[in-house]
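Chemist: Just so it is clear, I am handing over work37.cif, which has mmCIF, C-alpha atoms.
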data_model
#
loop_
_atom_site.label_atom_id
_atom_site.label_comp_id
_atom_site.auth_asym_id
_atom_site.auth_seq_id
_atom_site.Cartn_x
_atom_site.Cartn_y
_atom_site.Cartn_z
CA MET F 1 -152.73 94.55 217.36
CA THR F 2 -156.07 96.30 216.72
CA SER F 3 -156.48 98.61 213.75
CA THR F 4 -159.24 100.22 211.72
CA LEU F 5 -156.97 100.92 208.72
CA PRO F 6 -157.33 98.28 205.99
CA ALA F 7 -154.38 97.06 203.99
CA THR F 8 -154.79 97.69 200.26
CA PRO F 9 -154.88 94.69 197.86
CA VAL F 10 -153.96 95.31 194.23
CA THR F 11 -154.65 92.37 191.89
CA HIS F 12 -152.05 92.03 189.14
CA ILE F 13 -153.01 88.58 187.75
CA SER F 14 -156.22 86.58 188.13
CA ASP F 15 -156.73 83.59 185.83
CA ASP F 16 -157.48 79.87 186.05
CA ARG F 17 -153.98 79.10 187.40
CA PHE F 18 -152.80 81.96 189.60
CA VAL F 19 -153.95 84.99 191.55
CA VAL F 20 -151.17 87.51 192.18
CA THR F 21 -152.03 90.23 194.68
CA GLU F 22 -149.84 93.07 195.90
CA TRP F 23 -150.63 93.84 199.55
CA GLN F 24 -149.78 97.39 200.65
CA PHE F 25 -149.52 98.13 204.37
CA PRO F 26 -149.17 101.68 205.65
CA PRO F 27 -148.20 101.72 209.36
CA GLY F 28 -151.03 100.21 211.41
CA ALA F 29 -152.87 98.66 208.45
CA GLU F 30 -154.28 95.12 208.61
CA THR F 31 -155.87 92.60 206.24
CA GLY F 32 -158.64 91.50 208.58
CA TRP F 33 -159.28 87.91 209.60
CA HIS F 34 -159.07 85.40 206.71
CA VAL F 35 -158.42 81.76 205.85
CA HIS F 36 -156.25 80.90 202.85
CA GLY F 37 -158.09 78.61 200.46
CA HIS F 38 -155.04 77.83 198.30
CA ASP F 39 -151.33 77.16 198.63
CA TYR F 40 -149.46 80.43 198.23
CA VAL F 41 -146.07 82.09 197.93
CA VAL F 42 -145.20 85.46 199.47
CA VAL F 43 -142.51 87.64 197.86
CA PRO F 44 -141.64 90.60 200.14
CA LEU F 45 -141.22 93.91 198.32
CA THR F 46 -139.88 95.63 201.45
CA GLY F 47 -138.02 94.60 204.54
CA GLY F 48 -139.59 94.75 207.99
CA ALA F 49 -141.84 92.60 210.13
CA LEU F 50 -145.48 91.52 209.80
CA GLY F 51 -147.70 91.09 212.83
CA LEU F 52 -149.77 87.89 212.82
CA THR F 53 -152.78 87.22 215.04
CA HIS F 54 -153.63 83.48 215.13
CA PRO F 55 -156.92 81.58 215.73
CA ASP F 56 -156.07 80.95 219.38
CA GLY F 57 -155.59 84.68 219.96
CA SER F 58 -151.80 84.54 220.11
CA TYR F 59 -149.67 87.14 218.35
CA THR F 60 -146.32 86.70 216.62
CA GLU F 61 -144.17 88.71 214.25
CA ALA F 62 -142.65 87.39 211.01
CA PRO F 63 -139.58 89.08 209.48
CA LEU F 64 -139.63 90.18 205.84
CA THR F 65 -136.54 90.40 203.65
CA ALA F 66 -137.10 92.15 200.33
CA GLY F 67 -136.91 89.69 197.45
CA VAL F 68 -136.66 86.56 199.64
CA PRO F 69 -139.83 84.46 199.14
CA TYR F 70 -141.50 81.91 201.40
CA SER F 71 -144.46 79.55 200.92
CA ARG F 72 -147.44 78.41 202.98
CA ARG F 73 -150.12 75.71 202.59
CA CYS F 74 -153.83 76.36 202.22
CA GLY F 75 -155.84 76.46 205.43
CA VAL F 76 -153.62 79.05 207.15
CA ALA F 77 -155.85 81.39 209.18
CA HIS F 78 -154.77 84.73 210.58
CA ASN F 79 -155.04 88.51 210.61
CA VAL F 80 -151.95 90.23 209.17
CA CYS F 81 -150.96 93.74 210.20
CA ASN F 82 -148.09 96.22 210.00
CA PRO F 83 -147.12 96.93 213.61
CA GLY F 84 -144.21 99.20 212.71
CA ALA F 85 -143.70 102.78 211.62
CA GLU F 86 -142.53 102.00 208.05
CA TYR F 87 -144.52 101.09 204.95
CA LEU F 88 -144.60 97.35 204.10
CA ALA F 89 -145.60 95.52 200.92
CA PHE F 90 -145.47 92.02 199.49
CA LEU F 91 -146.75 89.98 196.57
CA GLU F 92 -149.03 87.05 197.39
CA ILE F 93 -149.12 84.39 194.65
CA GLU F 94 -151.99 81.91 195.07
CA VAL F 95 -151.78 78.60 193.21
CA LEU F 96 -155.27 77.67 191.99
CA GLN F 97 -154.46 74.39 190.25
CA ASP F 98 -154.53 71.69 192.90
CA PRO F 99 -155.43 68.21 191.58
CA LEU F 100 -155.86 66.72 195.07
CA ALA F 101 -158.18 69.53 196.18
CA ALA F 102 -160.25 69.07 193.03
CA GLU F 103 -160.46 65.32 193.64
CA ARG F 104 -161.53 65.89 197.25
CA LYS F 105 -164.24 68.30 196.11
CA ALA F 106 -165.54 65.67 193.68
CA VAL F 107 -165.55 63.02 196.42
CA VAL F 108 -167.55 65.28 198.75
CA ALA F 109 -170.14 65.92 196.02
CA ARG F 110 -170.34 62.19 195.21
CA PHE F 111 -170.68 61.40 198.92
CA ALA F 112 -173.62 63.80 199.28
CA ASP F 113 -175.35 62.38 196.20
CA ALA F 114 -174.91 58.83 197.53
CA TRP F 115 -176.76 59.67 200.75
CA ASN F 116 -179.81 60.83 198.83
CA ALA F 117 -179.53 57.84 196.48
CA ARG F 118 -179.31 55.52 199.51
CA ASP F 119 -176.27 54.00 197.80
CA LEU F 120 -174.29 52.30 200.55
CA ASP F 121 -171.60 50.96 198.22
CA THR F 122 -170.81 54.41 196.85
CA LEU F 123 -170.76 55.88 200.36
CA MET F 124 -168.13 53.36 201.39
CA ASP F 125 -166.17 53.88 198.18
CA CYS F 126 -165.81 57.52 199.26
CA MET F 127 -164.37 56.43 202.63
CA ALA F 128 -160.69 55.68 203.27
CA ALA F 129 -159.43 52.19 204.09
CA ASP F 130 -159.07 53.14 207.77
CA CYS F 131 -162.17 55.24 208.38
CA ALA F 132 -164.44 56.35 211.21
CA PHE F 133 -167.86 57.92 211.70
CA HIS F 134 -168.58 60.02 214.78
CA ALA F 135 -172.35 60.45 214.77
CA ALA F 136 -174.25 63.24 216.50
CA ALA F 137 -176.15 62.03 219.56
CA GLY F 138 -179.84 61.87 218.87
CA PRO F 139 -182.27 60.16 216.54
CA LEU F 140 -180.00 59.78 213.50
CA ALA F 141 -177.82 56.98 214.84
CA GLU F 142 -177.42 54.71 217.82
CA GLY F 143 -174.14 55.35 219.56
CA THR F 144 -171.76 58.07 218.51
CA ARG F 145 -168.42 56.52 217.45
CA HIS F 146 -167.98 53.89 214.76
CA GLN F 147 -164.42 52.84 213.92
CA GLY F 148 -163.37 50.76 210.91
CA ARG F 149 -165.06 50.05 207.58
CA ASP F 150 -167.41 47.35 208.88
CA ALA F 151 -168.63 49.53 211.76
CA VAL F 152 -169.05 52.59 209.54
CA ARG F 153 -170.95 50.63 206.90
CA ALA F 154 -173.25 49.16 209.59
CA ALA F 155 -173.91 52.63 211.03
CA TYR F 156 -174.78 54.07 207.63
CA ALA F 157 -177.05 51.09 206.90
CA ALA F 158 -178.78 51.61 210.26
CA ILE F 159 -179.57 55.22 209.33
CA PHE F 160 -181.17 54.06 206.07
CA ALA F 161 -183.13 51.38 207.92
CA THR F 162 -184.34 53.84 210.58
CA PHE F 163 -185.51 56.35 207.98
CA PRO F 164 -187.15 54.64 204.98
CA GLN F 165 -187.74 58.13 203.58
CA ALA F 166 -184.93 60.64 203.94
CA HIS F 167 -183.32 63.55 202.17
CA TRP F 168 -180.10 65.44 202.91
CA ASP F 169 -180.15 68.96 201.46
CA PRO F 170 -176.57 70.29 201.20
CA GLN F 171 -176.28 73.95 202.25
CA GLN F 172 -172.59 74.81 201.95
CA THR F 173 -169.23 73.09 201.49
CA LEU F 174 -165.85 74.57 202.39
CA ILE F 175 -162.63 72.63 201.74
CA ALA F 176 -159.27 73.71 203.16
CA GLY F 177 -156.26 71.43 203.24
CA ASP F 178 -157.05 68.03 204.73
CA GLN F 179 -160.48 69.01 206.02
CA ALA F 180 -163.89 69.98 204.70
CA LEU F 181 -166.93 71.51 206.38
CA THR F 182 -170.33 70.67 204.95
CA SER F 183 -173.64 71.97 206.29
CA TRP F 184 -176.95 70.28 205.54
CA ARG F 185 -180.63 69.97 206.39
CA PHE F 186 -181.97 66.46 206.95
CA THR F 187 -185.65 65.63 206.56
CA GLY F 188 -186.69 62.06 207.24
CA THR F 189 -189.66 59.88 208.16
CA ASP F 190 -188.82 57.02 210.52
CA THR F 191 -190.34 53.54 210.71
CA ALA F 192 -192.96 54.81 213.17
CA GLY F 193 -194.15 57.41 210.68
CA ARG F 194 -192.66 60.39 212.51
CA THR F 195 -191.09 63.10 210.37
CA ILE F 196 -188.17 65.14 211.68
CA THR F 197 -186.08 67.98 210.28
CA VAL F 198 -182.52 68.47 211.51
CA ASP F 199 -179.96 71.15 210.65
CA GLY F 200 -176.36 70.07 211.09
CA CYS F 201 -172.89 69.87 209.68
CA ASP F 202 -170.07 67.40 209.06
CA ILE F 203 -166.39 67.99 209.57
CA LEU F 204 -164.70 65.68 207.10
CA HIS F 205 -161.05 64.66 207.46
CA PHE F 206 -159.29 63.30 204.38
CA ASP F 207 -156.71 60.58 203.86
CA GLY F 208 -155.55 61.33 200.34
CA ALA F 209 -158.69 61.95 198.30
CA ARG F 210 -160.99 59.80 200.45
CA ILE F 211 -162.81 60.57 203.69
CA ALA F 212 -161.04 59.19 206.76
CA LEU F 213 -163.46 60.65 209.33
CA LYS F 214 -167.03 61.91 209.09
CA ASP F 215 -167.56 63.89 212.30
CA SER F 216 -171.22 64.93 212.50
CA TYR F 217 -172.95 67.64 214.54
CA ARG F 218 -176.57 68.72 214.76
CA LYS F 219 -178.35 71.66 216.34
CA ALA F 220 -179.49 71.09 219.93
CA GLY F 221 -183.17 70.21 220.27
CA ALA F 222 -183.44 68.75 216.79
#
Can you dump the structure from the file as structure tokens?

Modeler:
Amino acid sequence: MTSTLPATPVTHISDDRFVVTEWQFPPGAETGWHVHGHDYVVVPLTGGALGLTHPDGSYTEAPLTAGVPYSRRCGVAHNVCNPGAEYLAFLEIEVLQDPLAAERKAVVARFADAWNARDLDTLMDCMAADCAFHAAAGPLAEGTRHQGRDAVRAAYAAIFATFPQAHWDPQQTLIAGDQALTSWRFTGTDTAGRTITVDGCDILHFDGARIALKDSYRKAGA
């Protein structure tokens, strides 16, 4: 469903533990595309049906029963609309306290610092027991897929050896559920004295609080 009428959010609570938002949907209103960054509970205030447009372009409808709650995990992505002729409303209760998410955020920060410190032991301490590194094709690594702790450690060591001088400048980090997206700018001087600058990103997959897969991408031509 396509609409130019925005749904109205009314914030009732916003503190260090919860955000409680009342979403009001006149007929045809929509939230716009969004990704949920926290686990949340929905408490319908009216009956009816919500229209949901999903990342693959598919469309479904979800029934609402007034006073009957349901929950969803963080990372849900969709556009929510009111496809019917009657007014709809619900409370969305976001849970901000998430110890595992906080631990994953700390691991990602520690991982980034370890690259610039050239600290191979700390890098591997941030990786899960069964881990993998999928490197971007190009000058930053030979080969693209490294499976297992020994192979990952060797690949990271090879990057340090290839670039005696190197710096990774983190640009942005987004964590949702079991994945994180980090963007960065790499500047390094290789053993032949050539300096390169590369913009890229990593998609990190977690096993618990540690990184199970570092899947790297870089801009073409870099």

Chemist: Which one of F:Asn116, F:Gly200, F:Ile211, F:Asn79 sits closest to Val152 (chain F) if you count all atoms listed in the file?

Modeler: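 Of the candidates, the smallest distance to Val152 (chain F) is held by F:Ile211.
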
Chemist: So which one's closest to Tyr156 (chain F), F:His205, F:Arg72, F:Arg185, F:Arg118? Using all atoms listed in the file, please.

Modeler: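 Nearest to Tyr156 (chain F): F:Arg118.
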
Chemist: Can you work out the spacing between CA of Trp23 (chain F) and CA of Leu88 (chain F) in Å, to one decimal?

Modeler: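 Computing the Euclidean distance for CA of Trp23 (chain F) and CA of Leu88 (chain F) yields 8.3 Å.
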
Chemist: Can you list, as a PyMOL selection string, the residues that the PyMOL selection byres ((chain F and resi 193) around 12) selects here?

Modeler: chain F and resi 162-166+188-192+194-196

Chemist: Using all atoms listed in the file, which of the listed residues (F:Leu45, F:Val19, F:Val198, F:Ile159) sits closest to Trp115 (chain F)?

Modeler: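 Closest residue, counting all atoms listed in the file: F:Ile159.
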
Chemist: Evaluate the PyMOL selection byres ((chain F and resi 100) around 12) and record the selected residues as JSON, numbers by chain, following the chain and residue labels used in the document.

Modeler: {"F": [38, 39, 96, 97, 98, 99, 101, 102, 103, 104, 105, 106, 107, 175, 176, 177, 178, 206, 207, 208, 209, 210]}

Chemist: For the file shown, report as an MDAnalysis selection string the outcome of the PyMOL selection byres ((chain F and resi 181) around 6) at residue level.

Modeler: chainID F and resid 173:174 180 182 202:203

Chemist: For the selection just defined, write its residues with C-alpha atoms to a file, as a short mmCIF file (atom, residue, chain, number, x, y, z; two decimals), in the coordinates of the input.

Modeler:
data_model
loop_
_atom_site.label_atom_id
_atom_site.label_comp_id
_atom_site.auth_asym_id
_atom_site.auth_seq_id
_atom_site.Cartn_x
_atom_site.Cartn_y
_atom_site.Cartn_z
CA THR F 173 -169.23 73.09 201.49
CA LEU F 174 -165.85 74.57 202.39
CA ALA F 180 -163.89 69.98 204.70
CA THR F 182 -170.33 70.67 204.95
CA ASP F 202 -170.07 67.40 209.06
CA ILE F 203 -166.39 67.99 209.57
#

Chemist: Expressed in Å to a single decimal, how great is the separation between CA of Arg153 (chain F) and CA of Ala128 (chain F)?

Modeler: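 If I compute the distance from CA of Arg153 (chain F) to CA of Ala128 (chain F), I get 12.0 Å.
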
Chemist: Which residue gives the smallest distance to Glu30 (chain F) among F:Thr4, F:Pro44, F:Gly67, F:Cys81, with only C-alpha atoms counted?

Modeler: F:Cys81

Chemist: Which is closer to Thr65 (chain F) than all the others in F:Ala220, F:Ala49, F:Ala155, F:Val80, using all atoms listed in the file?

Modeler: F:Ala49

Chemist: Using all atoms listed in the file, which of the listed residues (F:Ala29, F:Val95, F:Leu204, F:Ile13) sits closest to Pro83 (chain F)?

Modeler: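 Nearest to Pro83 (chain F): F:Ala29.
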
Chemist: From (-179.7, 67.2, 206.5), in the file's coordinates, out to 6 Å: which residues are reached, counting all atoms listed in the file? Answer as a ChimeraX atom specification.

Modeler: /F:168-169,184-186,198-199

Chemist: Just want the 12 Å neighbourhood of Leu120 (chain F), counted on all atoms listed in the file, with same-chain residues fewer than 6 positions away dropped. Output as a list of chain:residue names.

Modeler: F:Arg110, F:Phe111, F:Ala112, F:Asp113, F:Ala114, F:Cys126, F:Met127, F:Arg149, F:Asp150, F:Val152, F:Arg153, F:Ala154, F:Ala155, F:Tyr156, F:Ala157, F:Ala158, F:Ile159, F:Phe160, F:Ala161

Chemist: Write out as a list in words which residues come within 12 Å of region 68-71 of chain F when counting all atoms listed in the file, dropping same-chain ones fewer than 2 positions away.

Modeler: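 Contacts, in chain order: His38, Asp39, Tyr40, Val41, Val42, Val43, Pro44, Leu45, Thr46, Gly47, Ala62, Pro63, Leu64, Thr65, Ala66, Arg73, Cys74, Val76, Phe90, Leu91, Glu92, Ile93, Glu94 and Val95 of chain F.
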
Chemist: What does the distance from CA of Pro6 (chain F) to CA of Gly48 (chain F) come to in Å, to one decimal?

Modeler: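 The value is 18.2 Å.
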
Chemist: What's around Tyr59 (chain F) at 10 Å? Count all atoms listed in the file, leave out sequence neighbours fewer than 2 positions away in its own chain, and write the answer as a PyMOL selection string.

Modeler: chain F and resi 1+51-57+61+78-80

Chemist: Find the residues around Gly28 (chain F) up to 8 Å (all atoms listed in the file counted), leave out those fewer than 4 positions away in its own chain, and share them as a list in words.

Modeler: Ser3, Leu5, Cys81, Asn82, Pro83, Gly84 and Ala85 of chain F
